[in-house]
Amino acid sequence: MTDRPVPLYNLDEIPTLYPRQGVVQRVFRGSGVCVSFSELHPDMEPTPHSHPWEQIFMILKGRVKLHVGDQVFDMRDRSFVRIPPNVVHYSEPPRPEDGVALNLDIFSPLRPDYFELTAYQTDDFGTSRPAPLKTAK
């Protein structure tokens with residue numbers, strides 16, 4: 001048992017972010033992990049990118065095409081892919097007839113660029129510090 005109270009969070013009360021056209025995002029962190037819950041809208045702009053964090057990309061509801069390196073995945077309800085660090089990846093927007101897709105991303109280790117986005121959290125416990133990353137050679 002902790003000597004500090006453990007707060008309860010609700011997704012509807014987490015600050016809403018708009019990182020780019022067609023993406024509505026909420027971010028939460030633990031000691032060594034970040035979780036991002038996103039709405040992917042049909043007007044979303046695809047943005048191929050890579051980063052030094054491992055990522056688990058999940059579609060909770062809806063449908064998108066996910067590009068990871070040279071592979072393309074047809075992501076549907078309850079499907080997920082583990083994306084290695086430093087691999088170019090992106091998702092295409094959902095088709096208008098498929099509507100908004102609900103996406104859950106898990107990043108490990110804790111992303112320092114997401115740390116400020118979770119400043120609303122009151123349950124640090126002194127353990128939520130971004131770790132140094134191993135860079136690609």
# chains A, B, ... in the order shown; residues from 1 in each chain; ligands from 1
>>> residues_around(residues="range 16-20 of chain A", least_positions_apart="5", cutoff="12 Å", atoms="only C-alpha atoms", output="PyMOL selection string")
chain A and resi 11+25-28+36-41+43-47+114+117-118+120
>>> write_last_selection(atoms="C-alpha atoms", output="PDB file, in the first residue's frame")
ATOM      1  CA  LEU A  11     -10.478   9.654 -20.273  1.00  0.00           C
ATOM      2  CA  GLN A  25      -5.312  12.792 -28.620  1.00  0.00           C
ATOM      3  CA  ARG A  26      -5.115  12.222 -24.873  1.00  0.00           C
ATOM      4  CA  VAL A  27      -1.873  11.094 -23.206  1.00  0.00           C
ATOM      5  CA  PHE A  28      -1.228   9.272 -19.922  1.00  0.00           C
ATOM      6  CA  SER A  36      -1.854   7.698 -26.110  1.00  0.00           C
ATOM      7  CA  PHE A  37      -5.556   7.383 -26.874  1.00  0.00           C
ATOM      8  CA  SER A  38      -6.404   8.970 -30.233  1.00  0.00           C
ATOM      9  CA  GLU A  39      -9.363   9.548 -32.469  1.00  0.00           C
ATOM     10  CA  LEU A  40      -8.225   9.221 -36.097  1.00  0.00           C
ATOM     11  CA  HIS A  41     -10.608  11.130 -38.362  1.00  0.00           C
ATOM     12  CA  ASP A  43      -9.470  14.139 -42.712  1.00  0.00           C
ATOM     13  CA  MET A  44      -6.285  13.055 -40.882  1.00  0.00           C
ATOM     14  CA  GLU A  45      -3.004  13.945 -42.558  1.00  0.00           C
ATOM     15  CA  PRO A  46      -0.650  10.929 -42.808  1.00  0.00           C
ATOM     16  CA  THR A  47       2.808  11.709 -41.407  1.00  0.00           C
ATOM     17  CA  TYR A 114       5.275  13.440 -23.843  1.00  0.00           C
ATOM     18  CA  LEU A 117       1.757  16.567 -21.949  1.00  0.00           C
ATOM     19  CA  THR A 118       1.063  14.602 -18.787  1.00  0.00           C
ATOM     20  CA  TYR A 120      -1.842  17.203 -15.193  1.00  0.00           C
TER      21      TYR A 120
END
>>> residues_around(residues="Asn103 in chain A", least_positions_apart="5", cutoff="12 Å", atoms="only C-alpha atoms", output="ChimeraX atom specification")
/A:23-27,35-41,56-64,66,75-81,91,93-94
>>> select_by_dssp(residues="chain A", states="helix (DSSP H, G or I)", output="PyMOL selection string")
chain A and resi 11-13+96-98+112-118
>>> write_last_selection(atoms="N, CA and C atoms", output="CSV table (one decimal), in the first residue's frame")
chain,number,residue,atom,x,y,z
A,11,LEU,N,-10.9,9.2,-19.0
A,11,LEU,CA,-10.5,9.7,-20.3
A,11,LEU,C,-11.1,11.0,-20.7
A,12,ASP,N,-12.4,11.2,-20.3
A,12,ASP,CA,-13.1,12.4,-20.7
A,12,ASP,C,-12.6,13.6,-20.0
A,13,GLU,N,-11.8,13.4,-18.9
A,13,GLU,CA,-11.3,14.6,-18.2
A,13,GLU,C,-9.8,14.8,-18.4
A,96,PRO,N,-14.0,7.6,-45.2
A,96,PRO,CA,-15.2,8.3,-44.7
A,96,PRO,C,-16.3,7.3,-44.3
A,97,GLU,N,-16.5,6.3,-45.1
A,97,GLU,CA,-17.6,5.4,-44.8
A,97,GLU,C,-17.3,4.5,-43.5
A,98,ASP,N,-16.0,4.5,-43.1
A,98,ASP,CA,-15.6,3.7,-41.9
A,98,ASP,C,-15.7,4.6,-40.7
A,112,PRO,N,10.3,11.4,-23.3
A,112,PRO,CA,10.5,12.7,-22.7
A,112,PRO,C,9.6,13.8,-23.4
A,113,ASP,N,9.4,13.7,-24.7
A,113,ASP,CA,8.6,14.7,-25.4
A,113,ASP,C,7.1,14.6,-25.0
A,114,TYR,N,6.6,13.5,-24.3
A,114,TYR,CA,5.3,13.4,-23.8
A,114,TYR,C,5.2,13.8,-22.4
A,115,PHE,N,6.3,14.0,-21.7
A,115,PHE,CA,6.3,14.2,-20.3
A,115,PHE,C,5.5,15.5,-19.9
A,116,GLU,N,5.7,16.5,-20.6
A,116,GLU,CA,5.0,17.8,-20.4
A,116,GLU,C,3.5,17.6,-20.7
A,117,LEU,N,3.2,16.8,-21.6
A,117,LEU,CA,1.8,16.6,-21.9
A,117,LEU,C,1.0,15.9,-20.8
A,118,THR,N,1.7,15.3,-19.9
A,118,THR,CA,1.1,14.6,-18.8
A,118,THR,C,1.3,15.3,-17.5
>>> residues_around(residues="Pro48 in chain A", least_positions_apart="2", cutoff="9 Å", atoms="only C-alpha atoms", output="PyMOL selection string")
chain A and resi 46+50+67+88-91
>>> write_last_selection(atoms="N, CA and C atoms", output="short mmCIF file (atom, residue, chain, number, x, y, z; two decimals), in the first residue's frame")
data_model
loop_
_atom_site.label_atom_id
_atom_site.label_comp_id
_atom_site.auth_asym_id
_atom_site.auth_seq_id
_atom_site.Cartn_x
_atom_site.Cartn_y
_atom_site.Cartn_z
N PRO A 46 -1.68 11.94 -43.11
CA PRO A 46 -0.65 10.93 -42.81
C PRO A 46 0.72 11.60 -42.63
N SER A 50 9.66 8.22 -37.79
CA SER A 50 10.25 7.18 -36.95
C SER A 50 10.67 7.85 -35.65
N HIS A 67 1.22 1.46 -42.13
CA HIS A 67 2.45 1.18 -42.85
C HIS A 67 3.59 1.10 -41.84
N VAL A 88 10.35 3.57 -39.93
CA VAL A 88 9.37 4.53 -40.46
C VAL A 88 8.00 3.85 -40.48
N HIS A 89 7.01 4.58 -39.98
CA HIS A 89 5.64 4.06 -39.94
C HIS A 89 4.65 5.22 -39.98
N TYR A 90 3.43 4.89 -40.38
CA TYR A 90 2.33 5.86 -40.39
C TYR A 90 1.04 5.13 -40.69
N SER A 91 -0.06 5.76 -40.35
CA SER A 91 -1.36 5.19 -40.72
C SER A 91 -2.04 6.11 -41.72
#
>>> select_by_dssp(residues="range 45-121 of chain A", states="strand (DSSP E)", output="PyMOL selection string")
chain A and resi 54-61+64-68+71-75+79-83+89-91+101-108
